[in-house]
file target28.pdb (PDB, C-alpha atoms, pLDDT in the B column)
ATOM      1  CA  MET T  18     -45.527  15.773 -32.573  1.00 56.00           C
ATOM      2  CA  GLN T  19     -48.910  15.602 -34.269  1.00 53.00           C
ATOM      3  CA  ASN T  20     -52.083  14.200 -32.717  1.00 60.00           C
ATOM      4  CA  MET T  21     -51.951  10.440 -32.429  1.00 57.00           C
ATOM      5  CA  LYS T  22     -54.619   8.303 -34.051  1.00 56.00           C
ATOM      6  CA  ILE T  23     -55.128   5.264 -31.879  1.00 53.00           C
ATOM      7  CA  LYS T  24     -57.731   2.832 -33.089  1.00 53.00           C
ATOM      8  CA  ASN T  25     -60.497   1.647 -30.816  1.00 52.00           C
ATOM      9  CA  LYS T  26     -59.467  -1.765 -29.552  1.00 58.00           C
ATOM     10  CA  PRO T  27     -61.601  -4.612 -28.284  1.00 49.00           C
ATOM     11  CA  GLU T  28     -61.589  -5.035 -24.517  1.00 62.00           C
ATOM     12  CA  THR T  29     -58.338  -6.568 -23.331  1.00 68.00           C
ATOM     13  CA  LYS T  30     -57.512  -8.279 -20.081  1.00 72.00           C
ATOM     14  CA  LEU T  31     -54.370  -7.908 -18.049  1.00 74.00           C
ATOM     15  CA  ILE T  32     -51.750 -10.564 -18.753  1.00 74.00           C
ATOM     16  CA  ASN T  33     -50.119 -11.574 -15.495  1.00 78.00           C
ATOM     17  CA  LYS T  34     -46.362 -12.015 -15.446  1.00 93.00           C
ATOM     18  CA  VAL T  35     -45.727  -9.844 -18.513  1.00 96.00           C
ATOM     19  CA  CYS T  36     -43.443  -6.819 -18.177  1.00 97.00           C
ATOM     20  CA  LEU T  37     -43.175  -4.267 -20.998  1.00 98.00           C
ATOM     21  CA  VAL T  38     -40.048  -2.084 -20.956  1.00 97.00           C
ATOM     22  CA  ILE T  39     -40.253   1.119 -23.004  1.00 97.00           C
ATOM     23  CA  GLY T  40     -36.739   2.248 -23.913  1.00 94.00           C
ATOM     24  CA  GLY T  41     -35.484  -1.308 -24.047  1.00 91.00           C
ATOM     25  CA  ASN T  42     -32.001  -0.408 -25.294  1.00 89.00           C
ATOM     26  CA  SER T  43     -30.910   1.602 -22.274  1.00 88.00           C
ATOM     27  CA  ASP T  44     -28.505   0.008 -19.816  1.00 89.00           C
ATOM     28  CA  ILE T  45     -30.839   0.431 -16.878  1.00 90.00           C
ATOM     29  CA  ALA T  46     -33.765  -0.998 -18.871  1.00 92.00           C
ATOM     30  CA  LYS T  47     -31.796  -4.137 -19.674  1.00 93.00           C
ATOM     31  CA  GLU T  48     -30.772  -4.722 -16.068  1.00 94.00           C
ATOM     32  CA  ILE T  49     -34.317  -4.188 -14.808  1.00 95.00           C
ATOM     33  CA  ALA T  50     -35.583  -6.605 -17.464  1.00 96.00           C
ATOM     34  CA  TYR T  51     -33.181  -9.255 -16.159  1.00 96.00           C
ATOM     35  CA  LYS T  52     -34.523  -8.799 -12.615  1.00 96.00           C
ATOM     36  CA  PHE T  53     -38.142  -9.269 -13.658  1.00 97.00           C
ATOM     37  CA  ALA T  54     -37.283 -12.175 -15.975  1.00 97.00           C
ATOM     38  CA  LYS T  55     -35.534 -13.917 -13.088  1.00 96.00           C
ATOM     39  CA  ASP T  56     -38.794 -13.530 -11.162  1.00 96.00           C
ATOM     40  CA  GLY T  57     -40.667 -15.362 -13.933  1.00 96.00           C
ATOM     41  CA  TYR T  58     -41.959 -12.440 -15.987  1.00 97.00           C
ATOM     42  CA  SER T  59     -42.104 -12.604 -19.761  1.00 96.00           C
ATOM     43  CA  ILE T  60     -40.275  -9.571 -21.118  1.00 97.00           C
ATOM     44  CA  HIS T  61     -41.365  -7.248 -23.930  1.00 97.00           C
ATOM     45  CA  LEU T  62     -38.758  -4.702 -25.040  1.00 97.00           C
ATOM     46  CA  ALA T  63     -39.758  -1.647 -27.074  1.00 97.00           C
ATOM     47  CA  GLY T  64     -37.210   0.708 -28.577  1.00 96.00           C
ATOM     48  CA  ARG T  65     -35.331   1.850 -31.655  1.00 93.00           C
ATOM     49  CA  SER T  66     -32.502  -0.631 -32.111  1.00 88.00           C
ATOM     50  CA  ILE T  67     -34.260  -3.891 -32.924  1.00 95.00           C
ATOM     51  CA  SER T  68     -31.034  -5.861 -33.379  1.00 94.00           C
ATOM     52  CA  GLU T  69     -29.679  -4.839 -29.970  1.00 93.00           C
ATOM     53  CA  MET T  70     -32.982  -5.636 -28.256  1.00 95.00           C
ATOM     54  CA  GLU T  71     -33.138  -8.997 -30.013  1.00 96.00           C
ATOM     55  CA  ARG T  72     -29.760  -9.922 -28.537  1.00 96.00           C
ATOM     56  CA  THR T  73     -31.002  -8.915 -25.082  1.00 95.00           C
ATOM     57  CA  ALA T  74     -34.280 -10.799 -25.531  1.00 96.00           C
ATOM     58  CA  LYS T  75     -32.475 -13.936 -26.673  1.00 96.00           C
ATOM     59  CA  ASP T  76     -30.140 -13.791 -23.686  1.00 96.00           C
ATOM     60  CA  ILE T  77     -33.075 -13.306 -21.304  1.00 97.00           C
ATOM     61  CA  SER T  78     -34.937 -16.282 -22.778  1.00 96.00           C
ATOM     62  CA  ASN T  79     -31.870 -18.493 -22.580  1.00 96.00           C
ATOM     63  CA  ARG T  80     -31.015 -17.511 -19.021  1.00 96.00           C
ATOM     64  CA  PHE T  81     -34.441 -17.584 -17.426  1.00 95.00           C
ATOM     65  CA  ASP T  82     -36.594 -19.739 -19.714  1.00 93.00           C
ATOM     66  CA  VAL T  83     -39.218 -17.018 -20.220  1.00 95.00           C
ATOM     67  CA  ASN T  84     -40.780 -15.628 -23.371  1.00 95.00           C
ATOM     68  CA  SER T  85     -39.139 -12.436 -24.666  1.00 96.00           C
ATOM     69  CA  GLN T  86     -40.315 -10.250 -27.540  1.00 96.00           C
ATOM     70  CA  VAL T  87     -39.151  -7.008 -29.140  1.00 97.00           C
ATOM     71  CA  PHE T  88     -41.169  -4.162 -30.642  1.00 97.00           C
ATOM     72  CA  SER T  89     -40.122  -1.200 -32.754  1.00 97.00           C
ATOM     73  CA  LEU T  90     -40.764   2.184 -31.123  1.00 97.00           C
ATOM     74  CA  ASP T  91     -39.171   5.558 -31.791  1.00 97.00           C
ATOM     75  CA  ILE T  92     -40.829   8.155 -29.567  1.00 96.00           C
ATOM     76  CA  GLU T  93     -39.500  10.960 -31.787  1.00 96.00           C
ATOM     77  CA  ASP T  94     -41.460   9.557 -34.728  1.00 96.00           C
ATOM     78  CA  ASN T  95     -45.217  10.111 -34.512  1.00 95.00           C
ATOM     79  CA  ASP T  96     -45.972   7.309 -36.993  1.00 95.00           C
ATOM     80  CA  SER T  97     -43.807   4.901 -35.011  1.00 96.00           C
ATOM     81  CA  VAL T  98     -45.690   5.709 -31.795  1.00 96.00           C
ATOM     82  CA  ASN T  99     -49.048   5.292 -33.544  1.00 95.00           C
ATOM     83  CA  ASN T 100     -47.995   2.006 -35.105  1.00 95.00           C
ATOM     84  CA  PHE T 101     -46.743   0.650 -31.801  1.00 96.00           C
ATOM     85  CA  LEU T 102     -49.854   1.533 -29.807  1.00 94.00           C
ATOM     86  CA  ASN T 103     -52.187   0.321 -32.544  1.00 93.00           C
ATOM     87  CA  SER T 104     -50.392  -2.989 -33.036  1.00 92.00           C
ATOM     88  CA  TYR T 105     -49.462  -3.849 -29.453  1.00 93.00           C
ATOM     89  CA  ASN T 106     -52.621  -5.825 -28.708  1.00 86.00           C
ATOM     90  CA  GLN T 107     -51.632  -6.845 -25.207  1.00 87.00           C
ATOM     91  CA  PHE T 108     -52.169  -5.632 -21.669  1.00 90.00           C
ATOM     92  CA  PRO T 109     -49.020  -6.262 -19.588  1.00 95.00           C
ATOM     93  CA  GLU T 110     -49.089  -6.417 -15.816  1.00 96.00           C
ATOM     94  CA  ILE T 111     -46.153  -3.979 -15.606  1.00 97.00           C
ATOM     95  CA  VAL T 112     -45.057  -1.162 -17.935  1.00 98.00           C
ATOM     96  CA  ILE T 113     -41.665   0.418 -17.269  1.00 98.00           C
ATOM     97  CA  PHE T 114     -40.612   3.710 -18.864  1.00 98.00           C
ATOM     98  CA  ALA T 115     -36.819   3.826 -19.052  1.00 95.00           C
ATOM     99  CA  ILE T 116     -36.224   6.484 -21.711  1.00 94.00           C
ATOM    100  CA  GLY T 117     -33.630   9.166 -21.090  1.00 92.00           C
ATOM    101  CA  TYR T 118     -31.618  11.704 -23.059  1.00 93.00           C
ATOM    102  CA  LEU T 119     -28.986  13.729 -21.205  1.00 92.00           C
ATOM    103  CA  GLY T 120     -28.300  15.974 -24.180  1.00 93.00           C
ATOM    104  CA  ASN T 121     -25.837  18.824 -24.361  1.00 94.00           C
ATOM    105  CA  GLN T 122     -26.529  21.635 -21.892  1.00 94.00           C
ATOM    106  CA  LYS T 123     -24.234  24.169 -23.577  1.00 96.00           C
ATOM    107  CA  LEU T 124     -25.711  23.455 -26.986  1.00 98.00           C
ATOM    108  CA  ALA T 125     -29.244  23.676 -25.593  1.00 97.00           C
ATOM    109  CA  GLU T 126     -28.487  27.156 -24.257  1.00 97.00           C
ATOM    110  CA  GLU T 127     -27.913  28.289 -27.849  1.00 97.00           C
ATOM    111  CA  SER T 128     -30.035  25.889 -29.895  1.00 97.00           C
ATOM    112  CA  THR T 129     -33.796  25.537 -29.530  1.00 97.00           C
ATOM    113  CA  VAL T 130     -33.496  22.274 -31.473  1.00 98.00           C
ATOM    114  CA  GLU T 131     -31.336  20.683 -28.762  1.00 98.00           C
ATOM    115  CA  ALA T 132     -33.331  22.300 -25.962  1.00 97.00           C
ATOM    116  CA  ASN T 133     -36.588  20.946 -27.366  1.00 98.00           C
ATOM    117  CA  ARG T 134     -35.081  17.517 -27.965  1.00 97.00           C
ATOM    118  CA  ILE T 135     -34.001  17.188 -24.325  1.00 97.00           C
ATOM    119  CA  ILE T 136     -37.434  18.218 -23.054  1.00 97.00           C
ATOM    120  CA  ASN T 137     -39.379  16.191 -25.610  1.00 98.00           C
ATOM    121  CA  ILE T 138     -37.517  12.899 -25.192  1.00 97.00           C
ATOM    122  CA  ASN T 139     -37.432  13.049 -21.404  1.00 97.00           C
ATOM    123  CA  PHE T 140     -40.999  14.252 -21.002  1.00 97.00           C
ATOM    124  CA  THR T 141     -43.343  15.420 -23.755  1.00 97.00           C
ATOM    125  CA  TYR T 142     -43.089  12.472 -26.162  1.00 97.00           C
ATOM    126  CA  GLN T 143     -43.421   9.893 -23.395  1.00 97.00           C
ATOM    127  CA  ILE T 144     -46.689  11.297 -22.032  1.00 97.00           C
ATOM    128  CA  PRO T 145     -49.077   9.934 -24.710  1.00 95.00           C
ATOM    129  CA  ILE T 146     -47.664   6.427 -24.232  1.00 97.00           C
ATOM    130  CA  ILE T 147     -47.832   6.606 -20.446  1.00 97.00           C
ATOM    131  CA  ASN T 148     -51.353   7.995 -20.671  1.00 96.00           C
ATOM    132  CA  TYR T 149     -52.433   5.221 -23.032  1.00 95.00           C
ATOM    133  CA  PHE T 150     -51.453   2.462 -20.606  1.00 96.00           C
ATOM    134  CA  ALA T 151     -52.692   4.475 -17.596  1.00 97.00           C
ATOM    135  CA  ASN T 152     -56.153   4.758 -19.143  1.00 96.00           C
ATOM    136  CA  LEU T 153     -56.199   1.055 -19.993  1.00 94.00           C
ATOM    137  CA  MET T 154     -55.196   0.106 -16.448  1.00 95.00           C
ATOM    138  CA  GLU T 155     -57.701   2.523 -14.964  1.00 96.00           C
ATOM    139  CA  LEU T 156     -60.527   0.886 -16.905  1.00 94.00           C
ATOM    140  CA  GLN T 157     -59.433  -2.584 -15.780  1.00 92.00           C
ATOM    141  CA  LYS T 158     -58.615  -1.398 -12.232  1.00 95.00           C
ATOM    142  CA  SER T 159     -55.340  -3.276 -12.302  1.00 95.00           C
ATOM    143  CA  GLY T 160     -51.716  -2.836 -13.355  1.00 96.00           C
ATOM    144  CA  ASN T 161     -48.374  -1.264 -12.500  1.00 98.00           C
ATOM    145  CA  ILE T 162     -46.440   1.625 -14.044  1.00 98.00           C
ATOM    146  CA  ILE T 163     -42.796   2.364 -13.217  1.00 98.00           C
ATOM    147  CA  ILE T 164     -41.468   5.719 -14.425  1.00 98.00           C
ATOM    148  CA  ILE T 165     -37.743   6.428 -14.299  1.00 96.00           C
ATOM    149  CA  SER T 166     -37.076  10.120 -13.718  1.00 95.00           C
ATOM    150  CA  SER T 167     -33.917  11.531 -12.077  1.00 92.00           C
ATOM    151  CA  VAL T 168     -32.616  13.262  -8.971  1.00 89.00           C
ATOM    152  CA  ALA T 169     -31.575  16.010 -11.405  1.00 86.00           C
ATOM    153  CA  GLY T 170     -35.204  17.110 -11.334  1.00 86.00           C
ATOM    154  CA  LEU T 171     -35.244  17.769  -7.590  1.00 84.00           C
ATOM    155  CA  ARG T 172     -33.446  21.110  -7.844  1.00 81.00           C
ATOM    156  CA  GLY T 173     -32.174  22.868 -10.950  1.00 82.00           C
ATOM    157  CA  ARG T 174     -28.417  23.140 -11.400  1.00 85.00           C
ATOM    158  CA  GLY T 175     -26.595  25.430 -13.799  1.00 85.00           C
ATOM    159  CA  THR T 176     -24.753  22.550 -15.467  1.00 88.00           C
ATOM    160  CA  ASN T 177     -27.804  20.525 -16.547  1.00 90.00           C
ATOM    161  CA  TYR T 178     -31.005  22.472 -15.989  1.00 93.00           C
ATOM    162  CA  PHE T 179     -32.586  21.573 -19.332  1.00 96.00           C
ATOM    163  CA  TYR T 180     -32.298  17.893 -18.461  1.00 95.00           C
ATOM    164  CA  GLY T 181     -33.262  18.608 -14.850  1.00 94.00           C
ATOM    165  CA  ALA T 182     -36.339  20.588 -15.867  1.00 96.00           C
ATOM    166  CA  SER T 183     -37.564  17.783 -18.120  1.00 97.00           C
ATOM    167  CA  LYS T 184     -37.096  15.233 -15.342  1.00 96.00           C
ATOM    168  CA  SER T 185     -38.780  17.539 -12.827  1.00 96.00           C
ATOM    169  CA  ALA T 186     -41.794  17.686 -15.122  1.00 97.00           C
ATOM    170  CA  MET T 187     -41.817  13.893 -15.385  1.00 97.00           C
ATOM    171  CA  SER T 188     -41.654  13.493 -11.599  1.00 96.00           C
ATOM    172  CA  ALA T 189     -44.569  15.903 -11.139  1.00 97.00           C
ATOM    173  CA  PHE T 190     -46.553  14.061 -13.807  1.00 98.00           C
ATOM    174  CA  ALA T 191     -45.884  10.704 -12.129  1.00 98.00           C
ATOM    175  CA  SER T 192     -46.948  12.110  -8.754  1.00 97.00           C
ATOM    176  CA  GLY T 193     -50.252  13.332 -10.127  1.00 98.00           C
ATOM    177  CA  LEU T 194     -50.810  10.106 -12.043  1.00 98.00           C
ATOM    178  CA  ARG T 195     -50.130   8.074  -8.894  1.00 98.00           C
ATOM    179  CA  GLN T 196     -52.736  10.033  -6.951  1.00 97.00           C
ATOM    180  CA  ARG T 197     -55.309   9.687  -9.737  1.00 97.00           C
ATOM    181  CA  LEU T 198     -54.802   5.952 -10.310  1.00 98.00           C
ATOM    182  CA  SER T 199     -54.698   5.081  -6.608  1.00 96.00           C
ATOM    183  CA  LEU T 200     -58.497   5.132  -6.793  1.00 94.00           C
ATOM    184  CA  SER T 201     -58.367   2.354  -9.407  1.00 96.00           C
ATOM    185  CA  ASN T 202     -55.963  -0.077  -7.728  1.00 96.00           C
ATOM    186  CA  VAL T 203     -53.182   0.865 -10.167  1.00 98.00           C
ATOM    187  CA  PHE T 204     -49.703   1.273  -8.685  1.00 98.00           C
ATOM    188  CA  VAL T 205     -47.431   4.029 -10.030  1.00 98.00           C
ATOM    189  CA  MET T 206     -43.801   4.090  -8.926  1.00 98.00           C
ATOM    190  CA  SER T 207     -41.373   6.971  -9.455  1.00 97.00           C
ATOM    191  CA  VAL T 208     -37.667   6.144  -9.636  1.00 96.00           C
ATOM    192  CA  LEU T 209     -35.143   8.947  -9.210  1.00 94.00           C
ATOM    193  CA  PRO T 210     -31.655   7.597  -9.916  1.00 90.00           C
ATOM    194  CA  GLY T 211     -28.559   9.589  -9.189  1.00 81.00           C
ATOM    195  CA  PHE T 212     -25.419   9.409 -11.329  1.00 67.00           C
ATOM    196  CA  ILE T 213     -25.068   5.900 -12.761  1.00 68.00           C
ATOM    197  CA  ILE T 214     -22.354   4.571 -15.066  1.00 61.00           C
ATOM    198  CA  THR T 215     -24.177   3.881 -18.348  1.00 55.00           C
ATOM    199  CA  LYS T 216     -23.817   4.612 -22.068  1.00 55.00           C
ATOM    200  CA  MET T 217     -25.674   7.891 -21.475  1.00 53.00           C
ATOM    201  CA  THR T 218     -23.151   9.140 -18.897  1.00 52.00           C
ATOM    202  CA  GLN T 219     -20.020   7.945 -20.677  1.00 51.00           C
ATOM    203  CA  GLY T 220     -17.209  10.477 -20.480  1.00 54.00           C
ATOM    204  CA  ILE T 221     -18.658  12.341 -17.502  1.00 57.00           C
ATOM    205  CA  ASP T 222     -16.531  12.405 -14.363  1.00 58.00           C
ATOM    206  CA  ALA T 223     -18.213  12.052 -10.975  1.00 57.00           C
ATOM    207  CA  PRO T 224     -16.886  11.336  -7.465  1.00 51.00           C
ATOM    208  CA  LYS T 225     -16.916   7.601  -6.706  1.00 61.00           C
ATOM    209  CA  LEU T 226     -19.003   8.238  -3.598  1.00 51.00           C
ATOM    210  CA  PHE T 227     -21.823   9.542  -5.803  1.00 54.00           C
ATOM    211  CA  THR T 228     -21.456   7.052  -8.651  1.00 66.00           C
ATOM    212  CA  GLY T 229     -23.957   4.205  -8.796  1.00 64.00           C
ATOM    213  CA  ASP T 230     -23.636   0.772 -10.373  1.00 81.00           C
ATOM    214  CA  VAL T 231     -26.421   0.010 -12.848  1.00 84.00           C
ATOM    215  CA  VAL T 232     -26.840  -3.586 -11.638  1.00 89.00           C
ATOM    216  CA  LYS T 233     -27.240  -2.515  -8.007  1.00 90.00           C
ATOM    217  CA  VAL T 234     -29.625   0.267  -9.007  1.00 89.00           C
ATOM    218  CA  ALA T 235     -31.748  -2.245 -10.937  1.00 93.00           C
ATOM    219  CA  GLU T 236     -31.793  -4.480  -7.856  1.00 94.00           C
ATOM    220  CA  SER T 237     -32.970  -1.594  -5.688  1.00 94.00           C
ATOM    221  CA  ILE T 238     -35.734  -0.749  -8.188  1.00 95.00           C
ATOM    222  CA  PHE T 239     -36.967  -4.342  -8.297  1.00 97.00           C
ATOM    223  CA  SER T 240     -36.871  -4.630  -4.500  1.00 96.00           C
ATOM    224  CA  ALA T 241     -38.710  -1.323  -4.032  1.00 97.00           C
ATOM    225  CA  PHE T 242     -41.357  -2.378  -6.542  1.00 97.00           C
ATOM    226  CA  LYS T 243     -41.952  -5.611  -4.643  1.00 97.00           C
ATOM    227  CA  ARG T 244     -42.430  -3.554  -1.481  1.00 97.00           C
ATOM    228  CA  LYS T 245     -44.755  -1.174  -3.366  1.00 97.00           C
ATOM    229  CA  LYS T 246     -42.582   1.834  -2.563  1.00 96.00           C
ATOM    230  CA  SER T 247     -44.067   4.837  -4.374  1.00 97.00           C
ATOM    231  CA  VAL T 248     -40.898   6.935  -4.714  1.00 96.00           C
ATOM    232  CA  LEU T 249     -37.353   5.583  -4.815  1.00 94.00           C
ATOM    233  CA  ILE T 250     -34.187   7.688  -4.761  1.00 91.00           C
ATOM    234  CA  THR T 251     -31.216   5.481  -5.577  1.00 85.00           C
ATOM    235  CA  PRO T 252     -28.344   4.918  -4.756  1.00 76.00           C
ATOM    236  CA  PHE T 253     -28.981   5.534  -1.048  1.00 73.00           C
ATOM    237  CA  ILE T 254     -26.318   8.270  -0.805  1.00 76.00           C
ATOM    238  CA  TYR T 255     -28.555  10.497  -2.938  1.00 73.00           C
ATOM    239  CA  ARG T 256     -31.324  10.384  -0.317  1.00 73.00           C
ATOM    240  CA  ILE T 257     -28.915  12.003   2.132  1.00 78.00           C
ATOM    241  CA  LEU T 258     -27.625  14.424  -0.500  1.00 72.00           C
ATOM    242  CA  PHE T 259     -31.173  15.444  -1.399  1.00 75.00           C
ATOM    243  CA  LEU T 260     -32.024  16.279   2.204  1.00 77.00           C
ATOM    244  CA  ILE T 261     -28.992  18.552   2.350  1.00 74.00           C
ATOM    245  CA  ILE T 262     -29.345  20.201  -1.059  1.00 75.00           C
ATOM    246  CA  ASN T 263     -33.098  20.653  -0.847  1.00 72.00           C
ATOM    247  CA  ASN T 264     -32.811  22.569   2.431  1.00 72.00           C
ATOM    248  CA  LEU T 265     -30.018  24.905   1.395  1.00 72.00           C
ATOM    249  CA  PRO T 266     -31.053  28.580   1.161  1.00 72.00           C
ATOM    250  CA  GLU T 267     -31.150  29.755  -2.450  1.00 74.00           C
ATOM    251  CA  LYS T 268     -28.331  32.276  -1.923  1.00 76.00           C
ATOM    252  CA  LEU T 269     -26.027  29.502  -0.738  1.00 75.00           C
ATOM    253  CA  PHE T 270     -27.214  27.013  -3.354  1.00 68.00           C
ATOM    254  CA  ILE T 271     -26.404  29.490  -6.163  1.00 75.00           C
ATOM    255  CA  LYS T 272     -22.768  29.478  -5.063  1.00 71.00           C
ATOM    256  CA  LEU T 273     -22.528  25.701  -5.638  1.00 73.00           C
ATOM    257  CA  ARG T 274     -21.909  26.075  -9.347  1.00 64.00           C
ATOM    258  CA  LYS T 275     -20.303  22.689 -10.017  1.00 54.00           C
TER
END
call {"tool": "encode", "arguments": {"input": "target28.pdb", "output": "structure tokens"}}
result
Amino acid sequence: MQNMKIKNKPETKLINKVCLVIGGNSDIAKEIAYKFAKDGYSIHLAGRSISEMERTAKDISNRFDVNSQVFSLDIEDNDSVNNFLNSYNQFPEIVIFAIGYLGNQKLAEESTVEANRIININFTYQIPIINYFANLMELQKSGNIIIISSVAGLRGRGTNYFYGASKSAMSAFASGLRQRLSLSNVFVMSVLPGFIITKMTQGIDAPKLFTGDVVKVAESIFSAFKRKKSVLITPFIYRILFLIINNLPEKLFIKLRK
């Protein structure tokens, strides 16, 4: 991605009760949007499929009597990112980053194109957008950023380490950003979901015990945000699993190949 050219904007003020969701077509993004709309937030959805987001926005407006808007944004297209940031002349109270690309691990092992795509979508291409809103909030000393990462980034596994590495990078970035912005009254929340049934995970088998429901996960994210919880691992079973996996000696962990 080339350097972005963001125009200097006049000073903007935070708009209370506006929630911007980046990656507005994902299943988890939609469910989170419903939770915030129910709480009285106007919803702005940014993503690639305008028609799909328009259907979601219309449903949100009809259900909760709040304003909903959609914005075109393709993070793999430098011009699209520039156009979005230069034309989005608003300062929402909350910005949620819900972009994810599982990709194909086997293909990534052989193809630098797929490997780069996994890393770029899950991490590299999101950073300029996160940084843009972080800087704006830091100047105004107000705002909230929610970044959805993954438990896959807690410890690399042989079956999805390209995806896991990209999410690990995002979690580290969010941690550093949270520490930096804490001095400016800006709240940064990291969300680390486990396996959830969504379009992205379609066709992947997982034990029912470790399979989360997207609606319940969205509820847990909204609840944790209200409580200003900095890091959320959800569903709860993954908090227990993490404590076990994270403390396994490397020699034993290597043997857990599946």
call {"tool": "residues_around", "arguments": {"input": "target28.pdb", "residues": "Phe140 (chain T)", "least_positions_apart": "4", "cutoff": "10 Å", "atoms": "only C-alpha atoms", "output": "PyMOL selection string"}}
result
chain T and resi 116-118+134-136+144-145+166+180+182-188+190
call {"tool": "write_last_selection", "arguments": {"input": "target28.pdb", "atoms": "C-alpha atoms", "output": "PDB file, keeping the file's coordinate frame"}}
result
ATOM      1  CA  ILE T 116     -36.224   6.484 -21.711  1.00 94.00           C
ATOM      2  CA  GLY T 117     -33.630   9.166 -21.090  1.00 92.00           C
ATOM      3  CA  TYR T 118     -31.618  11.704 -23.059  1.00 93.00           C
ATOM      4  CA  ARG T 134     -35.081  17.517 -27.965  1.00 97.00           C
ATOM      5  CA  ILE T 135     -34.001  17.188 -24.325  1.00 97.00           C
ATOM      6  CA  ILE T 136     -37.434  18.218 -23.054  1.00 97.00           C
ATOM      7  CA  ILE T 144     -46.689  11.297 -22.032  1.00 97.00           C
ATOM      8  CA  PRO T 145     -49.077   9.934 -24.710  1.00 95.00           C
ATOM      9  CA  SER T 166     -37.076  10.120 -13.718  1.00 95.00           C
ATOM     10  CA  TYR T 180     -32.298  17.893 -18.461  1.00 95.00           C
ATOM     11  CA  ALA T 182     -36.339  20.588 -15.867  1.00 96.00           C
ATOM     12  CA  SER T 183     -37.564  17.783 -18.120  1.00 97.00           C
ATOM     13  CA  LYS T 184     -37.096  15.233 -15.342  1.00 96.00           C
ATOM     14  CA  SER T 185     -38.780  17.539 -12.827  1.00 96.00           C
ATOM     15  CA  ALA T 186     -41.794  17.686 -15.122  1.00 97.00           C
ATOM     16  CA  MET T 187     -41.817  13.893 -15.385  1.00 97.00           C
ATOM     17  CA  SER T 188     -41.654  13.493 -11.599  1.00 96.00           C
ATOM     18  CA  PHE T 190     -46.553  14.061 -13.807  1.00 98.00           C
TER      19      PHE T 190
END
call {"tool": "resolve_selection", "arguments": {"input": "target28.pdb", "expression": "the PyMOL selection byres ((chain T and resi 161) around 9)", "output": "list in words"}}
result
Pro109, Glu110, Ile111, Val112, Ile113, Ala151, Met154, Ser159, Gly160, Ile162, Ile163, Val203, Phe204, Val205 and Met206 of chain T
call {"tool": "axis_aligned_box", "arguments": {"input": "target28.pdb", "around": "region 108-111 of chain T", "padding_each_side": "3 Å", "output": "AutoDock Vina command-line options"}}
result
--center_x -49.2 --center_y -5.2 --center_z -18.6 --size_x 12.0 --size_y 8.4 --size_z 12.1
call {"tool": "resolve_selection", "arguments": {"input": "target28.pdb", "expression": "the PyMOL selection byres ((chain T and resi 32-38) around 9)", "output": "number ranges by chain"}}
result
T: 29-31, 39-41, 46-47, 49-50, 53-54, 56-64, 107-115
call {"tool": "resolve_selection", "arguments": {"input": "target28.pdb", "expression": "the PyMOL selection byres ((chain T and resi 273) around 12)", "output": "list in words"}}
result
Gly173, Arg174, Gly175, Thr176, Ile262, Leu265, Pro266, Glu267, Lys268, Leu269, Phe270, Ile271, Lys272, Arg274 and Lys275 of chain T
call {"tool": "write_last_selection", "arguments": {"input": "target28.pdb", "atoms": "C-alpha atoms", "output": "short mmCIF file (atom, residue, chain, number, x, y, z; two decimals), keeping the file's coordinate frame"}}
result
data_model
loop_
_atom_site.label_atom_id
_atom_site.label_comp_id
_atom_site.auth_asym_id
_atom_site.auth_seq_id
_atom_site.Cartn_x
_atom_site.Cartn_y
_atom_site.Cartn_z
CA GLY T 173 -32.17 22.87 -10.95
CA ARG T 174 -28.42 23.14 -11.40
CA GLY T 175 -26.60 25.43 -13.80
CA THR T 176 -24.75 22.55 -15.47
CA ILE T 262 -29.34 20.20 -1.06
CA LEU T 265 -30.02 24.90 1.40
CA PRO T 266 -31.05 28.58 1.16
CA GLU T 267 -31.15 29.76 -2.45
CA LYS T 268 -28.33 32.28 -1.92
CA LEU T 269 -26.03 29.50 -0.74
CA PHE T 270 -27.21 27.01 -3.35
CA ILE T 271 -26.40 29.49 -6.16
CA LYS T 272 -22.77 29.48 -5.06
CA ARG T 274 -21.91 26.08 -9.35
CA LYS T 275 -20.30 22.69 -10.02
#
call {"tool": "closest_residue", "arguments": {"input": "target28.pdb", "among": "T:Tyr51, T:Tyr149, T:Tyr178, T:Phe259", "to": "Leu209 (chain T)", "atoms": "only C-alpha atoms"}}
result
T:Phe259
call {"tool": "closest_atom_pairs", "arguments": {"input": "target28.pdb", "of": "region 42-88 of chain T", "to": "region 235-239 of chain T", "cutoff": "7 Å", "atoms": "all atoms listed in the file", "output": "JSON lines"}}
result
{"residue": "T:Ile45", "atom": "CA", "partner": "T:Ala235", "partner_atom": "CA", "distance": 6.6}
{"residue": "T:Glu48", "atom": "CA", "partner": "T:Ala235", "partner_atom": "CA", "distance": 5.8}
{"residue": "T:Ile49", "atom": "CA", "partner": "T:Ala235", "partner_atom": "CA", "distance": 5.0}
{"residue": "T:Lys52", "atom": "CA", "partner": "T:Phe239", "partner_atom": "CA", "distance": 6.7}
call {"tool": "residues_around", "arguments": {"input": "target28.pdb", "residues": "Glu71 (chain T)", "least_positions_apart": "5", "cutoff": "9 Å", "atoms": "all atoms listed in the file", "output": "count of residues only"}}
result
6
call {"tool": "closest_residue", "arguments": {"input": "target28.pdb", "among": "T:Leu198, T:Lys158, T:Glu69, T:Val168", "to": "Phe253 (chain T)", "atoms": "all atoms listed in the file"}}
result
T:Val168
call {"tool": "atom_distance", "arguments": {"input": "target28.pdb", "atom1": "CA of Ser192 (chain T)", "atom2": "CA of Ser207 (chain T)"}}
result
7.6 Å
call {"tool": "decode", "arguments": {"input": "target28.pdb", "residues": "region 264-271 of chain T", "atoms": "C-alpha atoms", "output": "mmCIF file, in the first residue's frame"}}
result
data_model
loop_
_atom_site.group_PDB
_atom_site.id
_atom_site.type_symbol
_atom_site.label_atom_id
_atom_site.label_comp_id
_atom_site.auth_asym_id
_atom_site.auth_seq_id
_atom_site.Cartn_x
_atom_site.Cartn_y
_atom_site.Cartn_z
ATOM 1 C CA ASN T 264 1.364 -22.442 30.458
ATOM 2 C CA LEU T 265 2.172 -25.625 28.573
ATOM 3 C CA PRO T 266 5.914 -26.242 28.069
ATOM 4 C CA GLU T 267 6.905 -25.789 24.431
ATOM 5 C CA LYS T 268 7.910 -29.451 24.032
ATOM 6 C CA LEU T 269 4.433 -30.553 25.080
ATOM 7 C CA PHE T 270 2.666 -27.821 23.116
ATOM 8 C CA ILE T 271 4.438 -28.909 19.897
#
